[in-house]
Amino acid sequence: MRSVADRKWLLAFALAGLLACRNSPAVCAICDRPIHPEMISTVVLADGRRLPACCPRCALHHRDLHATEVRRIEVTDHAGGVRLPLEDAFLVDGSDQTPCLGHAPNVDPSGVALHTCYDRCVPSLIAFKDEAAARAFIGDHGGTLRPPSAAGP
Ligand SMILES: [Zn+2]
Ligand SMILES: [Zn+2]
């Protein structure tokens with residue numbers, strides 16, 4: 001049986017753990033990837049909880065699977081960092097930028113690049129507040145423009 005003193009120690013450790021988490025980089029609540037600040041999305045649930053997500057694509061996958069639980073999705077303007085509702089964003093689909101992957105291509109032991117067959121964050125979906133910024137991004141990185149409210153899975 002645990003004494004009161006033991007419980008105090010447990011509480012202290014729990015608090016230390018919480019504080020340590022606060023200092024570490026934000027992680028996607030859906031897929032556990034580190035979140036790049038210019039890609040952060042938020043899945044707002046019907047019960048009011050807010051799940052930080054690594055990108056609009058990951059948030060949309062979550063909405064597809066849990067449609068009744070998700071009230072709305074907020075995204076970040078890749079060009080300026082402001083937050084906006086997903087329905088108001090111009091989305092660039094499938095550019096050459098995949099911030100969520102964040103690592104060099106996988107290679108097998110002989111050095112041959114391995115092709116990724118499926119990744120929940122690919123093709124990337126990058127949000128912009130302004131159409132002009134989205135079109136400029138496409139000029140540099142390719143992809144197709146999805147106007148506001150055209151965001152599907
Ligand atoms: Zn994610
Ligand atoms: Zn992602």
# chains A, B, ... in the order shown; residues from 1 in each chain; ligands from 1
>>> select_by_dssp(residues="region 44-126 of chain A", states="helix (DSSP H, G or I)", output="compact mmCIF listing (two decimals) with N, CA and C atoms, in the first residue's frame")
# COMPACT_ATOMS: atom_id res chain seq x y z
N PRO A 56 -3.13 20.11 -42.99
CA PRO A 56 -4.54 19.97 -43.38
C PRO A 56 -4.89 18.56 -43.86
N ARG A 57 -3.96 17.90 -44.54
CA ARG A 57 -4.25 16.55 -45.06
C ARG A 57 -4.54 15.59 -43.91
N CYS A 58 -3.69 15.63 -42.90
CA CYS A 58 -3.86 14.73 -41.76
C CYS A 58 -5.18 15.04 -41.04
N ALA A 59 -5.49 16.33 -40.90
CA ALA A 59 -6.75 16.72 -40.25
C ALA A 59 -7.95 16.23 -41.05
N LEU A 60 -7.86 16.31 -42.38
CA LEU A 60 -8.98 15.86 -43.22
C LEU A 60 -9.16 14.35 -43.16
N HIS A 61 -8.06 13.61 -43.10
CA HIS A 61 -8.17 12.15 -42.93
C HIS A 61 -8.92 11.85 -41.64
N HIS A 62 -8.59 12.61 -40.59
CA HIS A 62 -9.25 12.37 -39.31
C HIS A 62 -10.75 12.68 -39.43
N ARG A 63 -11.08 13.75 -40.14
CA ARG A 63 -12.50 14.09 -40.30
C ARG A 63 -13.23 13.01 -41.10
N ASP A 64 -12.55 12.44 -42.10
CA ASP A 64 -13.18 11.37 -42.89
C ASP A 64 -13.55 10.19 -42.02
N LEU A 65 -12.66 9.87 -41.08
CA LEU A 65 -12.86 8.69 -40.25
C LEU A 65 -13.81 8.97 -39.09
N LEU A 86 -10.67 26.12 -42.46
CA LEU A 86 -10.31 25.35 -43.66
C LEU A 86 -11.15 25.77 -44.88
N GLU A 87 -12.45 26.05 -44.64
CA GLU A 87 -13.34 26.38 -45.77
C GLU A 87 -12.93 27.69 -46.44
N ASP A 88 -12.16 28.53 -45.75
CA ASP A 88 -11.79 29.82 -46.32
C ASP A 88 -10.43 29.78 -47.00
>>> residues_near_ligand(ligand="ligand 2", cutoff="12 Å", atoms="only C-alpha atoms and all ligand atoms", output="JSON, numbers by chain")
{"A": [27, 28, 29, 30, 31, 32, 33, 34, 35, 36, 37, 38, 39, 40, 41, 42, 52, 53, 54, 55, 56, 57, 58, 59, 60, 61, 62, 75, 97, 98, 99, 100, 101, 102, 119, 120, 121, 122, 123, 124, 125, 126]}
>>> write_last_selection(atoms="C-alpha atoms", output="compact mmCIF listing (two decimals), in the first residue's frame")
# COMPACT_ATOMS: atom_id res chain seq x y z
CA VAL A 27 3.41 16.76 -31.96
CA CYS A 28 0.40 15.84 -34.10
CA ALA A 29 -2.37 14.38 -31.92
CA ILE A 30 -3.44 12.16 -34.82
CA CYS A 31 -0.23 10.72 -36.31
CA ASP A 32 2.46 11.66 -33.73
CA ARG A 33 4.62 13.59 -36.17
CA PRO A 34 6.39 16.78 -35.14
CA ILE A 35 4.35 19.78 -36.27
CA HIS A 36 5.92 22.41 -38.49
CA PRO A 37 4.55 25.78 -37.34
CA GLU A 38 3.61 26.90 -40.87
CA MET A 39 1.57 23.71 -41.38
CA ILE A 40 -0.22 23.41 -38.04
CA SER A 41 -3.89 22.59 -38.26
CA THR A 42 -6.41 22.17 -35.49
CA PRO A 52 -3.27 19.80 -32.92
CA ALA A 53 -2.58 18.24 -36.33
CA CYS A 54 0.54 18.29 -38.48
CA CYS A 55 -1.15 19.47 -41.68
CA PRO A 56 -4.54 19.97 -43.38
CA ARG A 57 -4.25 16.55 -45.06
CA CYS A 58 -3.86 14.73 -41.76
CA ALA A 59 -6.75 16.72 -40.25
CA LEU A 60 -8.98 15.86 -43.22
CA HIS A 61 -8.17 12.15 -42.93
CA HIS A 62 -9.25 12.37 -39.31
CA VAL A 75 -5.47 25.74 -40.77
CA GLN A 97 6.86 20.29 -50.62
CA THR A 98 6.11 17.62 -48.01
CA PRO A 99 6.99 19.19 -44.66
CA CYS A 100 5.46 16.33 -42.68
CA LEU A 101 7.91 13.81 -44.09
CA GLY A 102 10.81 15.89 -42.88
CA ASP A 119 1.70 8.19 -46.36
CA ARG A 120 -1.25 9.87 -44.71
CA CYS A 121 0.30 13.31 -45.27
CA VAL A 122 1.10 12.75 -48.96
CA PRO A 123 0.30 14.26 -51.39
CA SER A 124 0.76 17.34 -49.28
CA LEU A 125 -2.02 19.86 -48.80
CA ILE A 126 -0.79 23.36 -48.01
>>> atom_distance(atom1="CA of Ala127 (chain A)", atom2="CA of Ala79 (chain A)")
8.6 Å
>>> residues_around(residues="Arg146 (chain A)", least_positions_apart="6", cutoff="10 Å", atoms="only C-alpha atoms", output="list of chain:residue names")
A:Ala89, A:Phe90, A:Leu91, A:Val92, A:Asp93, A:Leu125, A:Ala127, A:Glu131, A:Ala134, A:Gly152
>>> write_last_selection(atoms="N, CA and C atoms", output="tab-separated table (two decimals), in the first residue's frame")
chain	number	residue	atom	x	y	z
A	89	ALA	N	-9.74	28.65	-46.92
A	89	ALA	CA	-8.35	28.59	-47.40
A	89	ALA	C	-8.26	28.16	-48.86
A	90	PHE	N	-7.28	28.73	-49.56
A	90	PHE	CA	-6.88	28.20	-50.86
A	90	PHE	C	-5.86	27.10	-50.57
A	91	LEU	N	-6.11	25.92	-51.10
A	91	LEU	CA	-5.26	24.78	-50.78
A	91	LEU	C	-4.45	24.36	-52.00
A	92	VAL	N	-3.16	24.16	-51.78
A	92	VAL	CA	-2.31	23.64	-52.84
A	92	VAL	C	-2.13	22.15	-52.61
A	93	ASP	N	-2.60	21.38	-53.58
A	93	ASP	CA	-2.63	19.92	-53.46
A	93	ASP	C	-1.50	19.32	-54.28
A	125	LEU	N	-0.94	18.90	-48.64
A	125	LEU	CA	-2.02	19.86	-48.80
A	125	LEU	C	-1.59	21.08	-47.98
A	127	ALA	N	-2.07	25.17	-47.03
A	127	ALA	CA	-3.13	26.18	-46.98
A	127	ALA	C	-2.57	27.59	-47.14
A	131	GLU	N	-5.20	33.87	-52.60
A	131	GLU	CA	-5.07	33.10	-53.83
A	131	GLU	C	-3.74	33.41	-54.52
A	134	ALA	N	-0.97	31.49	-53.04
A	134	ALA	CA	-1.08	30.07	-53.41
A	134	ALA	C	-0.58	29.87	-54.84
A	152	GLY	N	-11.86	18.27	-50.02
A	152	GLY	CA	-12.37	16.92	-49.78
A	152	GLY	C	-11.32	16.12	-49.05
>>> closest_residue(among="A:Asp47, A:Asp96, A:Asp130, A:Asp108", to="Gly80 (chain A)", atoms="only C-alpha atoms")
A:Asp130
>>> atom_distance(atom1="CA of Leu45 (chain A)", atom2="CA of Ser149 (chain A)")
19.0 Å
>>> closest_residue(among="A:Ala26, A:Val82, A:Ala133, A:Leu114", to="ligand 1", atoms="only C-alpha atoms and all ligand atoms")
A:Ala26
